[in-house]
$ cat my_file-v3.cif   # mmCIF, C-alpha atoms and all ligand atoms
data_protein
loop_
_atom_site.label_atom_id
_atom_site.label_comp_id
_atom_site.auth_asym_id
_atom_site.auth_seq_id
_atom_site.Cartn_x
_atom_site.Cartn_y
_atom_site.Cartn_z
CA MET A 1 -40.28 -11.54 42.11
CA LYS A 2 -42.58 -10.35 39.34
CA LEU A 3 -43.19 -6.63 39.47
CA GLN A 4 -46.91 -5.91 39.47
CA LEU A 5 -47.66 -2.59 37.71
CA GLY A 6 -50.65 -0.55 38.92
CA LYS A 7 -53.41 0.36 36.41
CA ASP A 8 -52.34 4.02 36.32
CA SER A 9 -48.72 3.23 35.53
CA GLN A 10 -49.81 0.76 32.82
CA ILE A 11 -51.90 3.52 31.20
CA GLU A 12 -48.95 5.93 31.54
CA ASN A 13 -46.58 3.40 29.93
CA SER A 14 -48.89 2.78 27.01
CA GLN A 15 -49.28 6.56 26.54
CA VAL A 16 -45.48 6.98 26.46
CA ASP A 17 -45.23 4.07 23.98
CA SER A 18 -47.71 5.62 21.57
CA PHE A 19 -46.08 9.06 21.99
CA ARG A 20 -42.67 7.51 21.15
CA SER A 21 -43.91 5.59 18.13
CA ASP A 22 -45.91 8.56 16.77
CA VAL A 23 -42.84 10.83 17.14
CA LEU A 24 -40.43 8.36 15.53
CA ASP A 25 -42.83 7.45 12.69
CA GLY A 26 -43.47 11.14 12.04
CA LEU A 27 -39.80 12.14 12.01
CA LYS A 28 -38.77 9.21 9.81
CA ASN A 29 -41.48 10.22 7.32
CA SER A 30 -40.84 12.52 4.37
CA PRO A 31 -41.82 15.30 4.86
CA LYS A 32 -41.23 15.10 8.60
CA ARG A 33 -44.34 15.49 10.71
CA LEU A 34 -45.32 15.74 14.39
CA LEU A 35 -48.87 15.50 15.74
CA SER A 36 -50.25 18.67 17.31
CA LYS A 37 -52.29 16.66 19.84
CA TYR A 38 -48.96 16.30 21.68
CA PHE A 39 -48.63 20.11 22.13
CA TYR A 40 -50.67 19.88 25.32
CA ASP A 41 -48.38 18.90 28.18
CA LYS A 42 -48.44 21.14 31.31
CA ILE A 43 -46.39 23.90 29.66
CA GLY A 44 -48.32 23.55 26.39
CA ASP A 45 -51.62 23.90 28.30
CA ARG A 46 -50.33 27.11 29.85
CA LEU A 47 -49.10 28.47 26.52
CA PHE A 48 -52.49 27.72 24.95
CA GLN A 49 -54.21 29.62 27.78
CA LYS A 50 -51.94 32.57 26.87
CA ILE A 51 -52.69 32.19 23.15
CA MET A 52 -56.41 32.52 23.90
CA LYS A 53 -55.66 35.93 25.40
CA ILE A 54 -53.56 37.25 22.48
CA PRO A 55 -55.63 40.09 20.91
CA GLU A 56 -55.03 38.71 17.38
CA TYR A 57 -56.28 35.22 18.36
CA TYR A 58 -59.96 35.93 17.70
CA LEU A 59 -61.37 32.35 17.82
CA THR A 60 -62.07 32.17 21.56
CA ASP A 61 -63.73 35.60 21.72
CA CYS A 62 -65.90 34.85 18.69
CA GLU A 63 -67.23 31.58 20.11
CA LEU A 64 -67.64 33.19 23.52
CA ASP A 65 -69.70 35.92 21.82
CA ILE A 66 -71.99 33.17 20.45
CA PHE A 67 -72.39 31.38 23.79
CA LYS A 68 -72.85 34.62 25.74
CA ASN A 69 -75.14 36.49 23.38
CA LYS A 70 -76.96 33.76 21.47
CA THR A 71 -77.45 31.39 24.41
CA GLN A 72 -81.20 31.22 23.89
CA GLU A 73 -80.80 30.34 20.21
CA ILE A 74 -78.50 27.44 21.13
CA ALA A 75 -80.79 26.35 23.98
CA ASP A 76 -83.82 26.41 21.62
CA ALA A 77 -81.98 24.30 19.04
CA ILE A 78 -81.20 21.73 21.75
CA THR A 79 -84.54 21.64 23.54
CA PHE A 80 -86.71 21.67 20.40
CA ASP A 81 -88.81 18.64 21.42
CA GLN A 82 -88.84 19.18 25.24
CA SER A 83 -87.62 15.59 25.90
CA PRO A 84 -84.93 14.95 28.56
CA PHE A 85 -81.38 14.75 27.20
CA ASP A 86 -77.71 14.43 28.07
CA ILE A 87 -75.04 16.91 26.97
CA ILE A 88 -71.70 15.24 26.22
CA GLU A 89 -68.87 17.73 25.71
CA LEU A 90 -65.74 16.47 23.91
CA GLY A 91 -62.61 18.20 25.26
CA ALA A 92 -64.62 20.21 27.80
CA GLY A 93 -61.57 21.87 29.42
CA ASP A 94 -62.81 24.60 31.76
CA ALA A 95 -66.21 24.73 29.93
CA MET A 96 -65.80 28.51 29.74
CA LYS A 97 -68.24 28.78 26.82
CA SER A 98 -70.63 25.93 27.52
CA SER A 99 -71.23 27.09 31.10
CA TYR A 100 -73.41 29.94 29.67
CA LEU A 101 -75.56 27.31 27.98
CA LEU A 102 -75.68 25.11 31.10
CA LYS A 103 -76.82 28.09 33.19
CA ASN A 104 -79.57 28.94 30.70
CA LEU A 105 -80.80 25.32 30.64
CA ILE A 106 -80.82 25.08 34.45
CA GLU A 107 -82.78 28.34 34.69
CA SER A 108 -85.35 27.07 32.21
CA LYS A 109 -85.62 23.85 34.29
CA ALA A 110 -84.55 21.57 31.40
CA ASP A 111 -84.11 17.92 32.40
CA PHE A 112 -80.51 17.03 31.47
CA THR A 113 -77.17 15.67 32.66
CA TYR A 114 -73.83 17.25 31.71
CA MET A 115 -71.05 14.79 30.78
CA PRO A 116 -67.73 16.58 30.19
CA ILE A 117 -65.03 14.46 28.53
CA ASP A 118 -61.39 15.44 28.83
CA ILE A 119 -58.00 13.72 28.72
CA SER A 120 -56.99 15.69 31.83
CA GLY A 121 -58.40 14.41 35.13
CA ASN A 122 -57.04 17.53 36.80
CA ILE A 123 -59.05 19.87 34.55
CA LEU A 124 -62.18 17.74 35.12
CA SER A 125 -61.96 17.96 38.88
CA VAL A 126 -61.39 21.74 38.74
CA LEU A 127 -64.40 21.98 36.40
CA LYS A 128 -66.58 19.86 38.68
CA ASP A 129 -65.74 22.04 41.70
CA LYS A 130 -66.44 25.20 39.69
CA LEU A 131 -69.80 23.96 38.39
CA ASN A 132 -70.84 22.58 41.81
CA THR A 133 -70.38 26.09 43.18
CA GLU A 134 -71.88 28.06 40.30
CA LEU A 135 -74.69 25.65 39.35
CA PRO A 136 -75.31 23.49 42.43
CA THR A 137 -78.34 21.69 40.92
CA LEU A 138 -76.47 20.62 37.78
CA ASP A 139 -76.16 16.86 37.37
CA ILE A 140 -72.54 16.11 36.27
CA VAL A 141 -70.88 12.86 35.17
CA SER A 142 -67.19 13.54 34.35
CA LEU A 143 -65.41 11.17 31.99
CA GLU A 144 -61.60 11.18 31.85
CA GLY A 145 -59.96 9.74 28.74
CA GLU A 146 -59.74 9.79 24.93
CA TYR A 147 -62.76 11.16 23.02
CA PHE A 148 -64.05 7.94 21.48
CA ASP A 149 -63.39 5.67 24.47
CA MET A 150 -65.30 8.09 26.69
CA LEU A 151 -68.01 8.69 24.09
CA ASP A 152 -68.60 4.92 24.14
CA LYS A 153 -68.80 5.07 27.92
CA ALA A 154 -71.14 8.08 27.83
CA THR A 155 -73.48 6.51 25.27
CA GLY A 156 -73.46 3.35 27.42
CA ILE A 157 -74.54 5.31 30.50
CA SER A 158 -76.96 7.68 28.78
CA LYS A 159 -80.35 6.25 27.88
CA ARG A 160 -81.71 9.61 26.76
CA ARG A 161 -81.44 11.85 23.74
CA LYS A 162 -77.86 12.95 23.31
CA VAL A 163 -76.37 16.34 22.44
CA VAL A 164 -72.63 16.15 21.68
CA LEU A 165 -70.64 19.41 21.83
CA PHE A 166 -67.28 19.81 20.06
CA LEU A 167 -66.32 23.48 20.45
CA GLY A 168 -63.29 25.74 20.00
CA GLY A 169 -62.63 25.05 16.32
CA ASN A 170 -60.83 21.84 17.35
CA ILE A 171 -62.23 20.11 14.25
CA GLY A 172 -59.81 22.36 12.30
CA ASN A 173 -56.82 20.61 13.87
CA MET A 174 -57.62 17.50 11.82
CA ASP A 175 -56.93 17.29 8.11
CA ILE A 176 -60.08 17.16 6.00
CA GLU A 177 -60.21 13.36 5.63
CA GLU A 178 -59.57 12.85 9.32
CA ALA A 179 -62.32 15.37 10.16
CA HIS A 180 -64.85 13.58 7.93
CA HIS A 181 -63.85 10.25 9.47
CA PHE A 182 -64.17 11.74 12.97
CA CYS A 183 -67.71 13.01 12.25
CA ARG A 184 -68.74 9.67 10.74
CA GLU A 185 -67.48 7.91 13.90
CA VAL A 186 -69.46 10.30 16.14
CA LYS A 187 -72.54 9.64 13.99
CA ARG A 188 -72.05 5.84 14.36
CA LYS A 189 -72.24 6.22 18.14
CA LEU A 190 -75.45 8.28 18.12
CA ASN A 191 -79.12 7.46 17.54
CA LEU A 192 -81.81 8.95 15.36
CA GLY A 193 -82.69 12.44 16.60
CA ASP A 194 -79.42 12.99 18.55
CA LEU A 195 -77.57 16.27 17.95
CA PHE A 196 -73.95 17.20 17.24
CA LEU A 197 -72.93 20.85 17.77
CA ILE A 198 -69.54 21.73 16.25
CA GLY A 199 -67.56 25.01 16.29
CA PHE A 200 -65.98 25.96 12.94
CA ASP A 201 -63.60 28.84 12.27
CA LEU A 202 -64.67 30.43 8.97
CA LYS A 203 -62.55 31.55 6.02
CA LYS A 204 -62.03 35.30 6.23
CA ASN A 205 -59.44 37.99 5.39
CA PRO A 206 -56.19 35.98 5.10
CA HIS A 207 -54.28 38.64 7.08
CA THR A 208 -56.67 38.24 10.03
CA ILE A 209 -56.11 34.48 10.03
CA LEU A 210 -52.35 34.58 9.59
CA ASN A 211 -51.95 37.24 12.32
CA ALA A 212 -53.84 35.02 14.78
CA TYR A 213 -51.13 32.36 14.43
CA ASN A 214 -48.14 34.62 13.85
CA ASP A 215 -48.28 36.76 16.98
CA GLU A 216 -45.50 39.26 17.57
CA THR A 217 -45.04 38.13 21.18
CA GLY A 218 -43.86 34.73 19.91
CA ILE A 219 -46.24 32.67 22.06
CA THR A 220 -47.41 30.55 19.13
CA SER A 221 -43.78 29.96 18.21
CA ALA A 222 -43.07 28.85 21.81
CA PHE A 223 -46.18 26.63 21.68
CA ASN A 224 -44.75 24.78 18.65
CA LEU A 225 -41.16 24.63 19.96
CA ASN A 226 -42.40 23.28 23.30
CA LEU A 227 -43.16 19.97 21.61
CA LEU A 228 -39.43 19.52 20.92
CA THR A 229 -38.70 20.24 24.60
CA ARG A 230 -41.35 17.71 25.58
CA ILE A 231 -39.74 15.10 23.30
CA ASN A 232 -36.35 15.85 24.93
CA ARG A 233 -37.78 15.39 28.41
CA GLU A 234 -40.06 12.40 27.87
CA LEU A 235 -38.22 10.46 25.15
CA LYS A 236 -34.58 11.09 26.06
CA ALA A 237 -33.88 13.29 23.02
CA ASP A 238 -31.42 16.13 22.43
CA PHE A 239 -33.20 18.70 20.22
CA ASN A 240 -31.56 22.13 20.49
CA VAL A 241 -34.66 24.32 20.08
CA GLU A 242 -32.47 27.28 19.08
CA ASN A 243 -31.73 25.43 15.85
CA PHE A 244 -35.41 25.50 14.84
CA GLN A 245 -37.64 28.37 13.74
CA HIS A 246 -41.43 28.60 13.67
CA TYR A 247 -43.00 29.36 10.25
CA GLN A 248 -46.73 29.88 9.67
CA THR A 249 -48.67 29.87 6.39
CA TYR A 250 -52.25 30.40 5.29
CA ASP A 251 -53.60 29.35 1.91
CA PRO A 252 -56.87 31.18 1.19
CA ILE A 253 -57.81 28.69 -1.55
CA SER A 254 -57.76 25.53 0.58
CA GLY A 255 -58.39 27.35 3.88
CA SER A 256 -55.42 25.54 5.47
CA CYS A 257 -53.44 27.47 8.05
CA ARG A 258 -50.30 25.45 8.83
CA SER A 259 -47.38 25.71 11.21
CA PHE A 260 -43.91 24.33 10.56
CA LEU A 261 -40.59 24.19 12.37
CA ILE A 262 -37.63 24.86 10.07
CA SER A 263 -34.24 23.35 10.79
CA LEU A 264 -31.81 26.30 10.63
CA ILE A 265 -28.75 24.07 10.12
CA LYS A 266 -27.85 20.58 8.92
CA GLN A 267 -28.00 18.59 12.14
CA GLU A 268 -28.35 15.20 13.78
CA VAL A 269 -30.82 14.70 16.63
CA HIS A 270 -30.88 11.68 18.93
CA ILE A 271 -34.09 10.28 20.31
CA ASP A 272 -32.86 7.66 22.75
CA HIS A 273 -31.16 5.12 20.42
CA ASP A 274 -32.61 6.55 17.19
CA ILE A 275 -30.89 9.19 15.06
CA ILE A 276 -32.86 11.71 12.99
CA ASN A 277 -30.99 13.73 10.34
CA PHE A 278 -32.10 17.21 9.29
CA GLU A 279 -30.91 19.08 6.21
CA GLU A 280 -30.54 22.85 6.48
CA ASN A 281 -34.02 24.38 5.86
CA GLU A 282 -35.77 21.02 6.14
CA PHE A 283 -39.13 21.46 7.87
CA ILE A 284 -41.35 19.54 10.26
CA GLU A 285 -45.12 19.87 9.67
CA MET A 286 -46.52 20.69 13.10
CA GLU A 287 -50.17 21.70 13.00
CA ILE A 288 -53.07 22.36 10.67
CA SER A 289 -55.78 24.85 11.69
CA GLN A 290 -58.27 24.44 8.86
CA LYS A 291 -60.70 27.26 8.03
CA PHE A 292 -64.07 26.50 6.45
CA SER A 293 -66.63 28.02 4.10
CA LYS A 294 -70.34 27.50 4.83
CA SER A 295 -70.50 25.00 1.94
CA ASP A 296 -67.50 23.04 3.35
CA ILE A 297 -69.54 22.66 6.55
CA THR A 298 -72.71 21.55 4.75
CA ASN A 299 -70.67 18.99 2.79
CA MET A 300 -69.07 17.66 5.96
CA ALA A 301 -72.47 17.29 7.66
CA ASN A 302 -73.96 15.49 4.64
CA ASN A 303 -70.91 13.28 4.03
CA SER A 304 -70.95 12.06 7.59
CA GLY A 305 -74.67 11.30 7.58
CA PHE A 306 -76.03 14.27 9.55
CA HIS A 307 -78.64 16.89 8.61
CA LEU A 308 -77.57 20.46 9.16
CA LEU A 309 -80.31 22.02 11.33
CA ASN A 310 -79.00 25.42 12.33
CA GLU A 311 -75.96 27.70 12.11
CA ILE A 312 -75.30 30.22 14.87
CA SER A 313 -72.63 32.84 14.11
CA ASP A 314 -70.86 35.53 16.13
CA SER A 315 -71.51 39.22 15.46
CA LYS A 316 -68.54 39.48 13.03
CA ASN A 317 -69.54 36.31 11.16
CA TRP A 318 -66.04 34.89 11.69
CA PHE A 319 -66.98 31.71 13.55
CA VAL A 320 -70.00 29.42 13.46
CA ASP A 321 -71.50 26.84 15.79
CA SER A 322 -73.25 24.42 13.50
CA VAL A 323 -76.04 22.17 14.82
CA TRP A 324 -76.38 18.79 13.11
CA GLN A 325 -78.92 16.02 13.67
CA VAL A 326 -78.75 12.27 13.04
C1 LIG B 1 -57.04 24.23 19.76
N1 LIG B 1 -57.04 24.77 18.40
C2 LIG B 1 -58.40 25.04 17.92
C3 LIG B 1 -56.13 25.92 18.19
C4 LIG B 1 -56.20 26.43 16.74
O1 LIG B 1 -56.56 27.59 16.57
O2 LIG B 1 -55.92 25.66 15.84
C5 LIG B 1 -54.69 25.55 18.54
C6 LIG B 1 -53.73 26.67 18.23
N2 LIG B 1 -52.62 26.56 17.56
C7 LIG B 1 -52.01 27.72 17.48
N3 LIG B 1 -52.75 28.63 18.07
C8 LIG B 1 -53.85 27.98 18.58
#
$ encode --input "my_file-v3.cif" --output "structure tokens" --more "lines below"
Ligand code: AVI
Amino acid sequence: MKLQLGKDSQIENSQVDSFRSDVLDGLKNSPKRLLSKYFYDKIGDRLFQKIMKIPEYYLTDCELDIFKNKTQEIADAITFDQSPFDIIELGAGDAMKSSYLLKNLIESKADFTYMPIDISGNILSVLKDKLNTELPTLDIVSLEGEYFDMLDKATGISKRRKVVLFLGGNIGNMDIEEAHHFCREVKRKLNLGDLFLIGFDLKKNPHTILNAYNDETGITSAFNLNLLTRINRELKADFNVENFQHYQTYDPISGSCRSFLISLIKQEVHIDHDIINFEENEFIEMEISQKFSKSDITNMANNSGFHLLNEISDSKNWFVDSVWQV
């Protein structure tokens, strides 16, 4: 009898397949590399929630400062021509920051729909319940899946002016070429007059940046090491996490803040039937958290075909939400 797989298990299988091939490709590469998008399993989600509360991790507070205290400025930038619109938020999560904007827009009786996109269906249903309670008149269409698949879906549904939000400094987790490509792809899916609002972490005192990723409590270290534990669990591997050490760098010239895991000994790791060899002190590139100057941001907007309309900064001038138009 042929086993008929349900749609959900087919999606799950294809996700495991791409996780496996990304991990194996990355670890067979020189230098070895893992993709930070895989940090976010259940434990990784929890560790990231903790990171956002570490006093040295300023990014969340800075962007929250913007959304709390400059809500009207953001709302004005979005509602400049009074026409109805749809807000599409990439990686909405719990919409902690954007909910200030949504509240402001509801109070000013703006005509809009909110379309949060997230890979986690669980987070989306929690968010929907929360917004239904706090903003009962808000029109919500939740979209569960990868950014671009769901952006296609959203732009298919939405017949109005679109405002795409990409907050949190997530653009910094792509290398520069990838980030430019990402912005060009977003632009390709939008129409003349549509807006793209992106959160950028700015270059600043290198100590401030390095401390944000090198916390004394070791949560960022655990966040990186958790990916090895995830590989053990999901891909039948045998990493001994005690043989790896987190190492963080920041280069003030390029603005790249990078995390690595260093192999403390010469060792052999099995991933199912594959064997990966590590030399003593060999490293795995784990994550980039790129920091930007104002001119880097202008270049990125121009290179991807947008016009930079407005820049809204926090009170310390450490973070900026940049508003671009097609
Ligand atoms: C999600 N992203 C913007 C975080 C950052 O700052 O790059 C992820 C993170 N990595 C370590 N700490 C936080």
$ atom_distance --input "my_file-v3.cif" --atom1 "CA of Leu192 (chain A)" --atom2 "CA of Ile119 (chain A)"
27.7 Å
$ residues_near_ligand --input "my_file-v3.cif" --ligand "ligand LIG 1 (chain B)" --cutoff "6 Å" --atoms "all atoms listed in the file" --output "NGL selection string"
:A and (168-170 or 173 or 213 or 220 or 289)
$ atom_distance --input "my_file-v3.cif" --atom1 "CA of Ser322 (chain A)" --atom2 "CA of Asp86 (chain A)"
18.2 Å
$ axis_aligned_box --input "my_file-v3.cif" --around "region 208-213 of chain A" --padding-each-side "8 Å" --output "AutoDock Vina command-line options"
--center_x -53.9 --center_y 35.3 --center_z 12.2 --size_x 21.5 --size_y 21.9 --size_z 21.2
$ closest_residue --input "my_file-v3.cif" --among "A:Thr229, A:Ser30, A:Ser313, A:Thr249" --to "Ala212 (chain A)" --atoms "all atoms listed in the file"
A:Thr249
$ closest_atom_pairs --input "my_file-v3.cif" --of "region 241-310 of chain A" --to "region 32-50 of chain A" --cutoff "7 Å" --atoms "only C-alpha atoms" --output "tab-separated table"
residue	atom	partner	partner_atom	distance
A:Phe283	CA	A:Lys32	CA	6.7
A:Ile284	CA	A:Lys32	CA	4.7
A:Glu285	CA	A:Arg33	CA	4.6
A:Met286	CA	A:Leu34	CA	5.3
A:Glu287	CA	A:Ser36	CA	5.3
$ atom_distance --input "my_file-v3.cif" --atom1 "CA of Lys189 (chain A)" --atom2 "CA of Arg161 (chain A)"
12.2 Å
$ closest_residue --input "my_file-v3.cif" --among "A:Leu197, A:Val16, A:Leu24, A:Leu64" --to "Ile78 (chain A)" --atoms "only C-alpha atoms"
A:Leu197
$ closest_residue --input "my_file-v3.cif" --among "A:Ile123, A:Ile288, A:Pro84, A:Lys128" --to "Lys109 (chain A)" --atoms "only C-alpha atoms"
A:Pro84
$ decode --input "my_file-v3.cif" --residues "region 289-300 of chain A" --atoms "all heavy atoms" --output "compact mmCIF listing (two decimals), in the first residue's frame"
# COMPACT_ATOMS: atom_id res chain seq x y z
N SER A 289 25.97 40.30 12.10
CA SER A 289 25.00 41.33 12.51
C SER A 289 25.61 42.65 12.03
O SER A 289 26.36 43.30 12.76
CB SER A 289 24.82 41.34 14.03
OG SER A 289 24.31 40.10 14.47
N GLN A 290 25.32 42.98 10.78
CA GLN A 290 25.95 44.13 10.13
C GLN A 290 25.44 45.45 10.71
O GLN A 290 24.26 45.59 11.00
CB GLN A 290 25.63 44.06 8.62
CG GLN A 290 26.23 45.15 7.78
CD GLN A 290 27.76 45.07 7.71
OE1 GLN A 290 28.34 43.99 7.72
NE2 GLN A 290 28.40 46.22 7.70
N LYS A 291 26.36 46.40 10.90
CA LYS A 291 26.00 47.75 11.36
C LYS A 291 26.22 48.72 10.20
O LYS A 291 27.12 48.49 9.37
CB LYS A 291 26.85 48.16 12.58
CG LYS A 291 26.86 47.11 13.68
CD LYS A 291 25.48 46.77 14.19
CE LYS A 291 25.42 45.49 14.99
NZ LYS A 291 24.08 44.97 15.21
N PHE A 292 25.41 49.77 10.14
CA PHE A 292 25.37 50.61 8.95
C PHE A 292 25.66 52.07 9.26
O PHE A 292 25.31 52.57 10.34
CB PHE A 292 23.98 50.54 8.31
CG PHE A 292 23.59 49.15 7.87
CD1 PHE A 292 23.04 48.25 8.78
CD2 PHE A 292 23.80 48.73 6.56
CE1 PHE A 292 22.68 46.96 8.39
CE2 PHE A 292 23.46 47.44 6.17
CZ PHE A 292 22.89 46.55 7.08
N SER A 293 26.24 52.78 8.29
CA SER A 293 26.31 54.24 8.37
C SER A 293 25.11 54.77 7.58
O SER A 293 24.49 54.03 6.80
CB SER A 293 27.61 54.75 7.74
OG SER A 293 27.59 54.48 6.35
N LYS A 294 24.80 56.06 7.77
CA LYS A 294 23.67 56.64 7.03
C LYS A 294 23.91 56.52 5.52
O LYS A 294 22.97 56.28 4.75
CB LYS A 294 23.47 58.10 7.43
CG LYS A 294 23.02 58.29 8.89
CD LYS A 294 21.52 58.28 9.02
CE LYS A 294 21.06 58.33 10.46
NZ LYS A 294 20.78 59.64 11.01
N SER A 295 25.19 56.68 5.09
CA SER A 295 25.42 56.60 3.64
C SER A 295 25.30 55.15 3.14
O SER A 295 24.87 54.92 2.00
CB SER A 295 26.76 57.23 3.25
OG SER A 295 27.80 56.51 3.84
N ASP A 296 25.62 54.16 3.98
CA ASP A 296 25.39 52.75 3.57
C ASP A 296 23.89 52.54 3.27
O ASP A 296 23.52 51.84 2.32
CB ASP A 296 25.73 51.76 4.71
CG ASP A 296 27.21 51.73 5.07
OD1 ASP A 296 28.04 52.01 4.19
OD2 ASP A 296 27.52 51.40 6.25
N ILE A 297 23.05 53.19 4.11
CA ILE A 297 21.60 53.00 3.96
C ILE A 297 21.10 53.68 2.68
O ILE A 297 20.32 53.10 1.91
CB ILE A 297 20.86 53.53 5.22
CG1 ILE A 297 21.32 52.73 6.46
CG2 ILE A 297 19.34 53.44 5.05
CD1 ILE A 297 20.84 53.29 7.79
N THR A 298 21.59 54.90 2.45
CA THR A 298 21.19 55.61 1.22
C THR A 298 21.61 54.79 -0.01
O THR A 298 20.83 54.63 -0.95
CB THR A 298 21.87 57.00 1.16
OG1 THR A 298 21.67 57.64 2.42
CG2 THR A 298 21.31 57.85 0.05
N ASN A 299 22.84 54.25 0.03
CA ASN A 299 23.31 53.45 -1.11
C ASN A 299 22.44 52.23 -1.33
O ASN A 299 22.10 51.89 -2.47
CB ASN A 299 24.75 52.93 -0.88
CG ASN A 299 25.74 54.03 -1.06
OD1 ASN A 299 25.44 55.05 -1.67
ND2 ASN A 299 26.93 53.85 -0.49
N MET A 300 22.05 51.59 -0.21
CA MET A 300 21.24 50.38 -0.35
C MET A 300 19.87 50.72 -0.95
O MET A 300 19.37 50.01 -1.83
CB MET A 300 21.08 49.69 1.00
CG MET A 300 20.54 48.29 0.85
SD MET A 300 20.37 47.42 2.40
CE MET A 300 22.05 47.08 2.80
